[in-house]
Every structure is written in C-alpha cells, then in structure tokens.
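Coordinates from upload-v1.cif are shown below (mmCIF, C-alpha atoms).
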```cif
data_run
loop_
_atom_site.group_PDB
_atom_site.id
_atom_site.type_symbol
_atom_site.label_atom_id
_atom_site.label_comp_id
_atom_site.auth_asym_id
_atom_site.auth_seq_id
_atom_site.Cartn_x
_atom_site.Cartn_y
_atom_site.Cartn_z
ATOM 1 C CA MET A 157 -77.043 -65.123 -158.875
ATOM 2 C CA GLY A 158 -80.171 -64.578 -160.947
ATOM 3 C CA GLU A 159 -83.772 -65.607 -160.404
ATOM 4 C CA ARG A 160 -83.299 -68.458 -162.877
ATOM 5 C CA ASP A 161 -80.425 -69.973 -160.911
ATOM 6 C CA LEU A 162 -80.938 -73.503 -159.666
ATOM 7 C CA ARG A 163 -78.528 -73.494 -156.740
ATOM 8 C CA GLY A 164 -77.278 -76.696 -155.205
ATOM 9 C CA LYS A 165 -76.972 -75.744 -151.539
ATOM 10 C CA PRO A 166 -80.701 -75.667 -150.635
ATOM 11 C CA ILE A 167 -81.214 -79.028 -152.346
ATOM 12 C CA ALA A 168 -78.159 -80.513 -150.624
ATOM 13 C CA ASP A 169 -79.314 -79.167 -147.248
ATOM 14 C CA GLY A 170 -82.655 -80.938 -147.621
ATOM 15 C CA ILE A 171 -80.997 -84.252 -148.513
ATOM 16 C CA LEU A 172 -78.517 -83.998 -145.636
ATOM 17 C CA GLU A 173 -81.264 -83.291 -143.133
ATOM 18 C CA GLN A 174 -83.027 -86.508 -144.156
ATOM 19 C CA VAL A 175 -79.725 -88.410 -143.955
ATOM 20 C CA ARG A 176 -78.981 -87.041 -140.487
ATOM 21 C CA LYS A 177 -82.364 -88.168 -139.152
ATOM 22 C CA GLU A 178 -81.963 -91.657 -140.595
ATOM 23 C CA ALA A 179 -78.380 -91.913 -139.309
ATOM 24 C CA GLU A 180 -79.626 -91.142 -135.791
ATOM 25 C CA GLU A 181 -82.380 -93.753 -136.047
ATOM 26 C CA MET A 182 -80.020 -96.427 -137.376
ATOM 27 C CA SER A 183 -77.395 -95.632 -134.728
ATOM 28 C CA GLU A 184 -80.022 -96.110 -132.012
ATOM 29 C CA GLN A 185 -80.572 -99.594 -133.432
ATOM 30 C CA GLY A 186 -76.853 -100.345 -133.231
ATOM 31 C CA TRP A 187 -76.105 -99.641 -136.877
ATOM 32 C CA SER A 188 -73.841 -96.593 -137.013
ATOM 33 C CA PRO A 189 -72.829 -95.464 -140.535
ATOM 34 C CA LYS A 190 -69.127 -95.157 -141.322
ATOM 35 C CA LEU A 191 -67.350 -94.062 -144.494
ATOM 36 C CA VAL A 192 -63.743 -94.947 -145.313
ATOM 37 C CA SER A 193 -61.901 -92.805 -147.837
ATOM 38 C CA ILE A 194 -58.911 -94.323 -149.653
ATOM 39 C CA THR A 195 -56.273 -91.892 -150.884
ATOM 40 C CA VAL A 196 -53.119 -92.894 -152.751
ATOM 41 C CA GLY A 197 -50.093 -90.611 -152.891
ATOM 42 C CA ASP A 198 -50.112 -86.891 -152.156
ATOM 43 C CA VAL A 199 -52.351 -84.784 -154.378
ATOM 44 C CA GLU A 200 -53.426 -81.376 -153.107
ATOM 45 C CA ALA A 201 -56.727 -81.441 -155.027
ATOM 46 C CA VAL A 202 -57.643 -84.741 -153.354
ATOM 47 C CA ASP A 203 -57.122 -83.177 -149.923
ATOM 48 C CA VAL A 204 -59.733 -80.541 -150.759
ATOM 49 C CA TYR A 205 -62.281 -83.206 -151.745
ATOM 50 C CA VAL A 206 -61.579 -85.257 -148.635
ATOM 51 C CA ARG A 207 -61.983 -82.264 -146.313
ATOM 52 C CA ASN A 208 -65.302 -81.427 -147.950
ATOM 53 C CA GLN A 209 -66.511 -85.017 -147.653
ATOM 54 C CA ARG A 210 -65.415 -85.174 -144.013
ATOM 55 C CA ARG A 211 -67.264 -81.960 -143.107
ATOM 56 C CA THR A 212 -70.406 -83.112 -144.888
ATOM 57 C CA ALA A 213 -70.284 -86.567 -143.301
ATOM 58 C CA GLU A 214 -69.900 -85.116 -139.810
ATOM 59 C CA ARG A 215 -72.832 -82.812 -140.442
ATOM 60 C CA ALA A 216 -74.917 -85.805 -141.576
ATOM 61 C CA GLY A 217 -74.023 -87.898 -138.531
ATOM 62 C CA ILE A 218 -71.765 -90.277 -140.463
ATOM 63 C CA GLU A 219 -68.338 -91.266 -139.148
ATOM 64 C CA PHE A 220 -65.565 -90.528 -141.655
ATOM 65 C CA GLN A 221 -62.114 -92.123 -141.737
ATOM 66 C CA GLU A 222 -59.295 -91.498 -144.186
ATOM 67 C CA ARG A 223 -56.881 -94.297 -145.034
ATOM 68 C CA HIS A 224 -53.824 -93.049 -146.876
ATOM 69 C CA PHE A 225 -51.532 -95.283 -148.920
ATOM 70 C CA PRO A 226 -48.105 -94.303 -150.305
ATOM 71 C CA GLY A 227 -47.780 -93.418 -153.974
ATOM 72 C CA ASP A 228 -45.792 -96.594 -154.709
ATOM 73 C CA VAL A 229 -48.438 -98.974 -153.325
ATOM 74 C CA THR A 230 -49.257 -101.875 -155.638
ATOM 75 C CA GLN A 231 -52.615 -102.848 -157.081
ATOM 76 C CA ASP A 232 -52.571 -106.141 -155.146
ATOM 77 C CA GLU A 233 -51.849 -104.383 -151.858
ATOM 78 C CA LEU A 234 -54.839 -102.096 -152.337
ATOM 79 C CA ARG A 235 -57.098 -104.983 -153.326
ATOM 80 C CA THR A 236 -56.058 -106.827 -150.161
ATOM 81 C CA ALA A 237 -56.866 -103.761 -148.055
ATOM 82 C CA ILE A 238 -60.270 -103.400 -149.731
ATOM 83 C CA SER A 239 -61.006 -107.091 -149.179
ATOM 84 C CA ALA A 240 -60.435 -106.576 -145.455
ATOM 85 C CA MET A 241 -62.774 -103.574 -145.459
ATOM 86 C CA ASN A 242 -65.439 -105.559 -147.297
ATOM 87 C CA VAL A 243 -65.733 -108.007 -144.388
ATOM 88 C CA ASP A 244 -65.418 -105.413 -141.620
ATOM 89 C CA PRO A 245 -68.967 -104.925 -140.265
ATOM 90 C CA ARG A 246 -68.003 -101.542 -138.814
ATOM 91 C CA ILE A 247 -67.468 -100.065 -142.309
ATOM 92 C CA THR A 248 -70.539 -99.041 -144.292
ATOM 93 C CA GLY A 249 -68.978 -97.619 -147.439
ATOM 94 C CA ILE A 250 -65.662 -97.254 -149.250
ATOM 95 C CA ILE A 251 -64.618 -94.295 -151.427
ATOM 96 C CA ILE A 252 -61.716 -94.303 -153.902
ATOM 97 C CA GLN A 253 -60.300 -90.799 -154.304
ATOM 98 C CA ARG A 254 -59.065 -89.757 -157.733
ATOM 99 C CA PRO A 255 -56.560 -89.306 -159.239
ATOM 100 C CA VAL A 256 -54.400 -92.327 -158.428
ATOM 101 C CA PRO A 257 -50.862 -93.194 -159.623
ATOM 102 C CA GLU A 258 -50.413 -94.797 -163.063
ATOM 103 C CA GLN A 259 -49.826 -98.300 -161.677
ATOM 104 C CA ILE A 260 -53.319 -98.310 -160.108
ATOM 105 C CA SER A 261 -56.509 -99.120 -162.011
ATOM 106 C CA VAL A 262 -59.453 -97.283 -160.451
ATOM 107 C CA LYS A 263 -61.882 -99.493 -162.359
ATOM 108 C CA ALA A 264 -60.313 -102.652 -160.923
ATOM 109 C CA LEU A 265 -60.434 -101.227 -157.392
ATOM 110 C CA GLN A 266 -64.045 -100.171 -157.815
ATOM 111 C CA THR A 267 -64.907 -103.697 -158.870
ATOM 112 C CA ALA A 268 -63.089 -105.040 -155.807
ATOM 113 C CA ILE A 269 -65.430 -103.142 -153.487
ATOM 114 C CA HIS A 270 -68.406 -105.271 -152.456
ATOM 115 C CA PRO A 271 -71.646 -103.956 -154.049
ATOM 116 C CA PHE A 272 -73.129 -103.544 -150.557
ATOM 117 C CA LYS A 273 -70.354 -101.045 -149.752
ATOM 118 C CA ASP A 274 -70.248 -99.295 -153.123
ATOM 119 C CA VAL A 275 -71.493 -95.889 -151.950
ATOM 120 C CA GLU A 276 -70.128 -94.202 -155.067
ATOM 121 C CA GLY A 277 -72.451 -96.308 -157.224
ATOM 122 C CA MET A 278 -69.593 -97.274 -159.522
ATOM 123 C CA HIS A 279 -69.480 -101.071 -159.180
ATOM 124 C CA PRO A 280 -70.682 -102.914 -162.315
ATOM 125 C CA THR A 281 -73.508 -104.344 -160.196
ATOM 126 C CA SER A 282 -74.674 -100.855 -159.201
ATOM 127 C CA ILE A 283 -74.540 -99.639 -162.803
ATOM 128 C CA GLY A 284 -76.379 -102.765 -163.937
ATOM 129 C CA ASN A 285 -79.113 -102.224 -161.342
ATOM 130 C CA ILE A 286 -79.892 -98.846 -162.890
ATOM 131 C CA VAL A 287 -80.654 -100.540 -166.208
ATOM 132 C CA TYR A 288 -83.372 -102.466 -164.342
ATOM 133 C CA SER A 289 -84.680 -99.216 -162.776
ATOM 134 C CA ASP A 290 -83.205 -100.002 -159.356
ATOM 135 C CA THR A 291 -81.906 -96.482 -158.753
ATOM 136 C CA GLU A 292 -81.407 -96.529 -154.978
ATOM 137 C CA ILE A 293 -77.606 -96.369 -155.317
ATOM 138 C CA ALA A 294 -76.385 -94.584 -158.448
ATOM 139 C CA PRO A 295 -73.188 -92.717 -159.405
ATOM 140 C CA CYS A 296 -73.203 -89.605 -157.232
ATOM 141 C CA THR A 297 -72.784 -86.915 -159.889
ATOM 142 C CA ALA A 298 -75.388 -88.484 -162.158
ATOM 143 C CA ALA A 299 -77.902 -88.849 -159.325
ATOM 144 C CA ALA A 300 -77.201 -85.288 -158.147
ATOM 145 C CA SER A 301 -77.839 -83.936 -161.634
ATOM 146 C CA VAL A 302 -81.219 -85.662 -161.853
ATOM 147 C CA GLU A 303 -82.039 -84.402 -158.357
ATOM 148 C CA MET A 304 -81.434 -80.857 -159.628
ATOM 149 C CA LEU A 305 -83.961 -81.360 -162.399
ATOM 150 C CA LYS A 306 -86.536 -82.754 -159.957
ATOM 151 C CA ALA A 307 -86.091 -79.615 -157.841
ATOM 152 C CA THR A 308 -87.602 -77.506 -160.650
ATOM 153 C CA GLY A 309 -90.953 -79.170 -160.028
ATOM 154 C CA MET A 310 -91.250 -80.157 -163.681
ATOM 155 C CA SER A 311 -92.816 -83.542 -164.386
ATOM 156 C CA LEU A 312 -90.247 -85.978 -165.729
ATOM 157 C CA GLU A 313 -92.859 -88.292 -167.217
ATOM 158 C CA GLY A 314 -92.772 -87.875 -170.981
ATOM 159 C CA MET A 315 -90.276 -85.014 -170.745
ATOM 160 C CA GLU A 316 -87.955 -84.526 -173.726
ATOM 161 C CA VAL A 317 -84.424 -84.588 -172.349
ATOM 162 C CA VAL A 318 -81.091 -84.295 -174.109
ATOM 163 C CA VAL A 319 -77.915 -85.513 -172.413
ATOM 164 C CA ILE A 320 -74.754 -84.124 -173.986
ATOM 165 C CA GLY A 321 -71.863 -86.406 -173.045
ATOM 166 C CA HIS A 322 -71.945 -90.188 -172.666
ATOM 167 C CA SER A 323 -69.311 -91.085 -170.080
ATOM 168 C CA GLU A 324 -69.756 -94.254 -168.049
ATOM 169 C CA ILE A 325 -70.042 -92.415 -164.725
ATOM 170 C CA VAL A 326 -72.117 -89.354 -165.706
ATOM 171 C CA GLY A 327 -73.804 -89.227 -169.122
ATOM 172 C CA LYS A 328 -74.926 -92.836 -169.477
ATOM 173 C CA PRO A 329 -76.184 -93.215 -165.875
ATOM 174 C CA ILE A 330 -78.106 -89.934 -166.198
ATOM 175 C CA ALA A 331 -79.872 -91.313 -169.264
ATOM 176 C CA PHE A 332 -80.886 -94.516 -167.449
ATOM 177 C CA LEU A 333 -81.979 -92.623 -164.326
ATOM 178 C CA LEU A 334 -84.167 -90.347 -166.439
ATOM 179 C CA MET A 335 -85.691 -93.249 -168.355
ATOM 180 C CA ALA A 336 -86.565 -94.848 -165.030
ATOM 181 C CA GLU A 337 -88.540 -91.664 -164.299
ATOM 182 C CA GLY A 338 -90.411 -91.939 -167.600
ATOM 183 C CA ALA A 339 -88.507 -89.301 -169.577
ATOM 184 C CA THR A 340 -87.744 -89.577 -173.297
ATOM 185 C CA VAL A 341 -83.969 -89.308 -173.561
ATOM 186 C CA THR A 342 -81.580 -88.494 -176.402
ATOM 187 C CA VAL A 343 -77.846 -88.881 -175.768
ATOM 188 C CA CYS A 344 -75.435 -86.767 -177.817
ATOM 189 C CA HIS A 345 -71.681 -87.291 -178.024
ATOM 190 C CA HIS A 346 -68.632 -86.357 -180.099
ATOM 191 C CA MET A 347 -69.976 -88.205 -183.141
ATOM 192 C CA THR A 348 -73.401 -86.544 -183.049
ATOM 193 C CA ARG A 349 -73.707 -84.604 -186.297
ATOM 194 C CA SER A 350 -75.729 -81.618 -185.076
ATOM 195 C CA VAL A 351 -76.055 -81.255 -181.321
ATOM 196 C CA GLN A 352 -78.113 -78.071 -181.609
ATOM 197 C CA ILE A 353 -80.862 -79.823 -183.555
ATOM 198 C CA HIS A 354 -81.414 -82.048 -180.543
ATOM 199 C CA SER A 355 -80.784 -79.470 -177.810
ATOM 200 C CA ARG A 356 -83.214 -76.877 -179.232
ATOM 201 C CA ARG A 357 -86.202 -79.208 -178.797
ATOM 202 C CA ALA A 358 -85.332 -80.400 -175.288
ATOM 203 C CA ASP A 359 -87.341 -79.498 -172.190
ATOM 204 C CA ALA A 360 -84.196 -80.193 -170.181
ATOM 205 C CA ILE A 361 -80.510 -80.413 -171.098
ATOM 206 C CA PHE A 362 -77.704 -82.096 -169.159
ATOM 207 C CA VAL A 363 -74.185 -81.169 -170.243
ATOM 208 C CA ALA A 364 -71.079 -83.090 -169.165
ATOM 209 C CA VAL A 365 -68.312 -82.945 -171.774
ATOM 210 C CA GLY A 366 -65.457 -80.988 -170.172
ATOM 211 C CA LYS A 367 -65.413 -78.200 -172.767
ATOM 212 C CA PRO A 368 -65.758 -74.624 -171.483
ATOM 213 C CA ARG A 369 -68.911 -72.814 -172.652
ATOM 214 C CA LEU A 370 -69.663 -75.339 -175.371
ATOM 215 C CA ILE A 371 -73.446 -74.852 -175.160
ATOM 216 C CA THR A 372 -74.677 -71.334 -175.880
ATOM 217 C CA GLY A 373 -78.042 -69.648 -175.498
ATOM 218 C CA ASP A 374 -79.008 -70.094 -179.153
ATOM 219 C CA MET A 375 -78.807 -73.883 -178.667
ATOM 220 C CA ILE A 376 -81.446 -73.922 -175.923
ATOM 221 C CA LYS A 377 -85.231 -74.047 -176.090
ATOM 222 C CA PRO A 378 -86.774 -71.049 -174.279
ATOM 223 C CA GLY A 379 -87.843 -72.033 -170.783
ATOM 224 C CA ALA A 380 -85.821 -75.260 -170.711
ATOM 225 C CA ALA A 381 -83.953 -76.485 -167.624
ATOM 226 C CA VAL A 382 -80.181 -76.533 -168.111
ATOM 227 C CA ILE A 383 -78.112 -78.739 -165.804
ATOM 228 C CA ASP A 384 -74.430 -77.883 -166.280
ATOM 229 C CA ILE A 385 -72.210 -80.620 -164.857
ATOM 230 C CA GLY A 386 -68.927 -79.382 -166.313
ATOM 231 C CA ILE A 387 -66.353 -77.510 -164.295
ATOM 232 C CA ASN A 388 -63.386 -76.067 -166.157
ATOM 233 C CA ALA A 389 -60.508 -73.873 -164.970
ATOM 234 C CA ILE A 390 -59.726 -71.162 -167.524
ATOM 235 C CA GLU A 391 -57.755 -67.926 -167.628
ATOM 236 C CA GLU A 392 -59.624 -64.864 -168.844
ATOM 237 C CA ASP A 393 -58.282 -61.319 -168.877
ATOM 238 C CA GLY A 394 -55.384 -62.518 -166.780
ATOM 239 C CA VAL A 395 -57.689 -63.947 -164.117
ATOM 240 C CA GLU A 396 -58.236 -67.651 -163.384
ATOM 241 C CA LYS A 397 -61.870 -68.649 -163.052
ATOM 242 C CA LEU A 398 -64.125 -71.697 -163.036
ATOM 243 C CA VAL A 399 -66.738 -72.020 -165.773
ATOM 244 C CA GLY A 400 -69.099 -74.740 -166.870
ATOM 245 C CA ASP A 401 -69.715 -76.504 -170.169
ATOM 246 C CA VAL A 402 -72.562 -74.032 -170.748
ATOM 247 C CA ASP A 403 -72.056 -70.371 -171.605
ATOM 248 C CA TYR A 404 -73.901 -69.081 -168.568
ATOM 249 C CA GLU A 405 -74.198 -65.496 -169.788
ATOM 250 C CA THR A 406 -76.160 -66.305 -172.953
ATOM 251 C CA ALA A 407 -77.909 -69.432 -171.673
ATOM 252 C CA SER A 408 -79.328 -67.748 -168.569
ATOM 253 C CA GLU A 409 -81.219 -65.306 -170.792
ATOM 254 C CA VAL A 410 -83.106 -68.187 -172.419
ATOM 255 C CA ALA A 411 -83.336 -70.997 -169.861
ATOM 256 C CA GLY A 412 -86.161 -71.356 -167.383
ATOM 257 C CA TRP A 413 -83.716 -72.814 -164.863
ATOM 258 C CA ILE A 414 -79.942 -73.088 -164.989
ATOM 259 C CA THR A 415 -77.324 -74.418 -162.596
ATOM 260 C CA PRO A 416 -74.446 -72.010 -161.852
ATOM 261 C CA VAL A 417 -70.822 -73.154 -161.884
ATOM 262 C CA PRO A 418 -69.599 -73.385 -159.207
ATOM 263 C CA GLY A 419 -72.465 -73.745 -156.736
ATOM 264 C CA GLY A 420 -74.771 -75.954 -158.782
ATOM 265 C CA VAL A 421 -74.402 -79.720 -159.038
ATOM 266 C CA GLY A 422 -71.279 -79.922 -156.836
ATOM 267 C CA PRO A 423 -72.846 -79.503 -153.374
ATOM 268 C CA VAL A 424 -75.615 -81.964 -154.241
ATOM 269 C CA THR A 425 -73.094 -84.592 -155.366
ATOM 270 C CA VAL A 426 -71.559 -84.826 -151.881
ATOM 271 C CA SER A 427 -75.000 -85.025 -150.269
ATOM 272 C CA ILE A 428 -75.910 -87.903 -152.607
ATOM 273 C CA LEU A 429 -72.773 -89.727 -151.412
ATOM 274 C CA MET A 430 -74.164 -89.504 -147.888
ATOM 275 C CA ARG A 431 -77.616 -90.641 -149.030
ATOM 276 C CA ASN A 432 -76.019 -93.600 -150.804
ATOM 277 C CA THR A 433 -74.226 -94.441 -147.571
ATOM 278 C CA MET A 434 -77.534 -94.783 -145.746
ATOM 279 C CA ALA A 435 -78.954 -96.875 -148.594
ATOM 280 C CA ALA A 436 -75.908 -99.156 -148.313
ATOM 281 C CA LEU A 437 -76.379 -99.423 -144.550
ATOM 282 C CA ARG A 438 -80.024 -100.414 -145.008
ATOM 283 C CA ARG A 439 -79.039 -103.136 -147.460
ATOM 284 C CA GLN A 440 -76.398 -104.467 -145.081
ATOM 285 C CA LYS A 441 -78.866 -104.532 -142.199
ATOM 286 C CA GLU A 442 -81.510 -106.282 -144.331
ATOM 287 C CA ALA A 443 -78.969 -108.922 -145.412
ATOM 288 C CA TYR A 444 -77.878 -109.464 -141.807
ATOM 289 C CA ASP A 445 -81.474 -109.686 -140.537
ATOM 290 C CA LYS A 446 -82.341 -112.195 -143.258
ATOM 291 C CA GLN A 447 -79.300 -114.344 -142.516
ATOM 292 C CA PHE A 448 -79.973 -114.191 -138.781
ATOM 293 C CA ALA A 449 -83.613 -115.195 -139.306
ATOM 294 C CA GLU A 450 -82.568 -118.155 -141.482
ATOM 295 C CA GLN A 451 -80.115 -119.325 -138.811
ATOM 296 C CA GLN A 452 -82.825 -119.058 -136.182
ATOM 297 C CA ASP A 453 -85.172 -121.103 -138.339
ATOM 298 C CA LYS A 454 -82.512 -123.807 -138.658
ATOM 299 C CA VAL A 455 -82.039 -123.884 -134.898
ATOM 300 C CA VAL A 456 -85.789 -124.258 -134.361
ATOM 301 C CA ALA A 457 -86.044 -126.946 -137.048
ATOM 302 C CA THR A 458 -83.198 -129.003 -135.571
ATOM 303 C CA PRO A 459 -84.578 -131.686 -133.209
ATOM 304 C CA SER A 460 -83.236 -131.464 -129.702
ATOM 305 C CA GLU A 461 -81.263 -134.425 -128.491
#
```

Take the structure in the file and give it back as structure tokens.
Amino acid sequence: MGERDLRGKPIADGILEQVRKEAEEMSEQGWSPKLVSITVGDVEAVDVYVRNQRRTAERAGIEFQERHFPGDVTQDELRTAISAMNVDPRITGIIIQRPVPEQISVKALQTAIHPFKDVEGMHPTSIGNIVYSDTEIAPCTAAASVEMLKATGMSLEGMEVVVIGHSEIVGKPIAFLLMAEGATVTVCHHMTRSVQIHSRRADAIFVAVGKPRLITGDMIKPGAAVIDIGINAIEEDGVEKLVGDVDYETASEVAGWITPVPGGVGPVTVSILMRNTMAALRRQKEAYDKQFAEQQDKVVATPSE
C-alpha cells in the first residue's frame, strides 16, 4: 500500500461506529434494527457475502437473519414472502442476494420491497429520491464510492468529475449523488468517442465498467482522485488475482488519491448498508409516530358519550 492509497477500512470503521451508537440509542427506545437477507439456491459466492454482512451487522449492533429459499422457488412465492416481511414491524430492512436463478427477476423483487425497508437503495422510489437530492438512502456501492471521495477532504462543490460507466445501480446514482453535492459531472459509457479527453481534465474519476485495467495512468490528470469500483478476477503468470478497472501500477504514479482493489470501495459498501438500515429505521419510527399522533388527535376530537 502506498501513501496515495485511499483505503476503505478506516472510512468503514468510522461509519460503523456511528451506526453502532445510533443502534444502541434506538434499541433503548424500543426500536431495535433487524436485517433479513434473502438467498435463493446454493451459490458459494453468496455465502461469502452473507457471512461478511452478518459479521458487520453484529459489529454495528444490528440483528441479522438469513432466510434461504430453494433454487426452484417461484417468483410469486418470493413476492408473497416479501409482502409478509413488509408488514412485519420487527424487520427493518430486506436484502436480496445475487445471483438468483433464471426464473427470478431481481428487479421485480426489489420493487416488491416497501421503500421504507429498501436498505439497498434499489427500489424505484429510492432511485427517484436521489434525482430530487434526497440522498439519505442510496444504492450502497454508489454511496460508498462518493464517501471515498469525501474522505480525501477535497471540496465537491464545482469539482469536475468524470464517471466512467452508467449502470442503473452504480454509475447513474453516483452522478446524481455528486450533482447533489454541487459537482459538475460527465458520464462516459461504451458509446463515448474518446474517454481520455474527458478523464484527463477531471479532478476525480469514478470507474465502474467491469473491464480489467481499462484506465491507465496517461488517462488521468495529475493529482486527481481515482475511485476504482471494478473488481475482476484474472489469471496472470499462472496466478489468479483480483484487479480493478484501473491499472493501479501506472495510475498510482499520477493520481493524488487512488482506491486499491481489493480493500478500497468494498469495505465501505457494507458499512453503507448498515447506515441505510438506520436511516430506514428512522423513517419507520417517524411514520409510526405520525400515525400514532393522528390517532390520538382523533380520539381527543371525538366527543365523549
């Protein structure tokens, strides 16, 4: 790790400490946070994610429960299960683990989750809120990436930022989150004619395209912050390794800050999931308090017999 490395663990630790304190306070008020993870079928990679989420949740003072469904479960059966979770006051948030079998539409399941329990920030309502600069609950990876940039101490107001990759759950939300902070954002994608023309003038670059070492040092403005969101498994000299979408070796010689892969955005992403959980719990409590107050007002307004 070099001096320019923008590591995720210290940032994640700070977020989790704040979450833990809030979880304790809310639990004392009778509002204990609880996450439910939905897994479908048996996928070894999913087990790794779930174990990591469980460990992080326990550290943050959030109860974690896994609900496993067989690989032949139907879409309707899952929607029914989610509907039951939506009305269960003991459940704060619901997570859909990927991948899922072919007969299951993740998008449809995500839409089935009530926006109040959408801790992944993937419901159309959550995405739509970001457009209106309501960024309290945003897609975890996108929010984590922006958190990494904030950790540099650079002012985001008026900053020239280039986002390379325009997926619905990473690239596009990053652009909206940055615009909410006052940054000037350019989004590049597979039809952009000359990515380097844009990237060389950027104060910060976010890269999420799923192509190993696509962005090299000669495509980066000296001193820029480089947030590498990609994680790719490759074989090199007979050895399997994980690399990002940025060529770390050449980029680190030019960048002012750069996220390593692994060890960069990943740890922060899980901590954002926990922060979203507390945001969801606050919204649920506010909705309950409002409804309770309205009912009390009706009782008071009703003449006694």

For range 177-185 of chain A, list every protein, DNA or RNA residue within 12 Å, evaluated using only C-alpha atoms, and leave out those in the same chain fewer than 2 positions away; present the list as a PyMOL selection string.
-> chain A and resi 170-175+187-190+213-219+246+248+430-438+440-441

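Take CA of Glu233 in chain A and CA of Ile283 in chain A: the distance between them is 25.6 Å.
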
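If you measure from each of A:Gln259, A:Ser301, A:Ser239, A:Ser289 to Ile428 in chain A using all atoms listed in the file, the closest one turns out to be A:Ser301.
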
Residue IDs satisfying the PyMOL selection byres ((chain A and resi 395-410) around 9), as a PyMOL selection string | chain A and resi 158+160-161+363-380+382-394+411-418

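In this structure, CA of Leu162 in chain A sits 16.6 Å away from CA of Val426 in chain A.
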
Report the residues retrieved by the PyMOL selection byres ((chain A and resi 192-208) around 9) from the displayed file, expressed as a ChimeraX atom specification.
-> /A:190-191,209-213,219-229,241,247-257,426

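Going from CA of Lys273 in chain A over to CA of Leu429 in chain A, you cover 11.7 Å.
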
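Closest approach to Asp290 in chain A among A:Val262, A:Met335, A:Val302, A:Val318 is made by A:Met335 (distances from only C-alpha atoms).
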
Go through A:His345, A:Tyr288, A:Asp359, A:Ile293 one by one, measure the shortest atom-to-atom distance of each to Glu313 in chain A using all atoms listed in the file, and give the residue with the smallest value.
-> A:Asp359

A:Ile320, A:Val421, A:Ile361, A:Leu305: which is nearest Cys344 in chain A, counting only C-alpha atoms?
-> A:Ile320
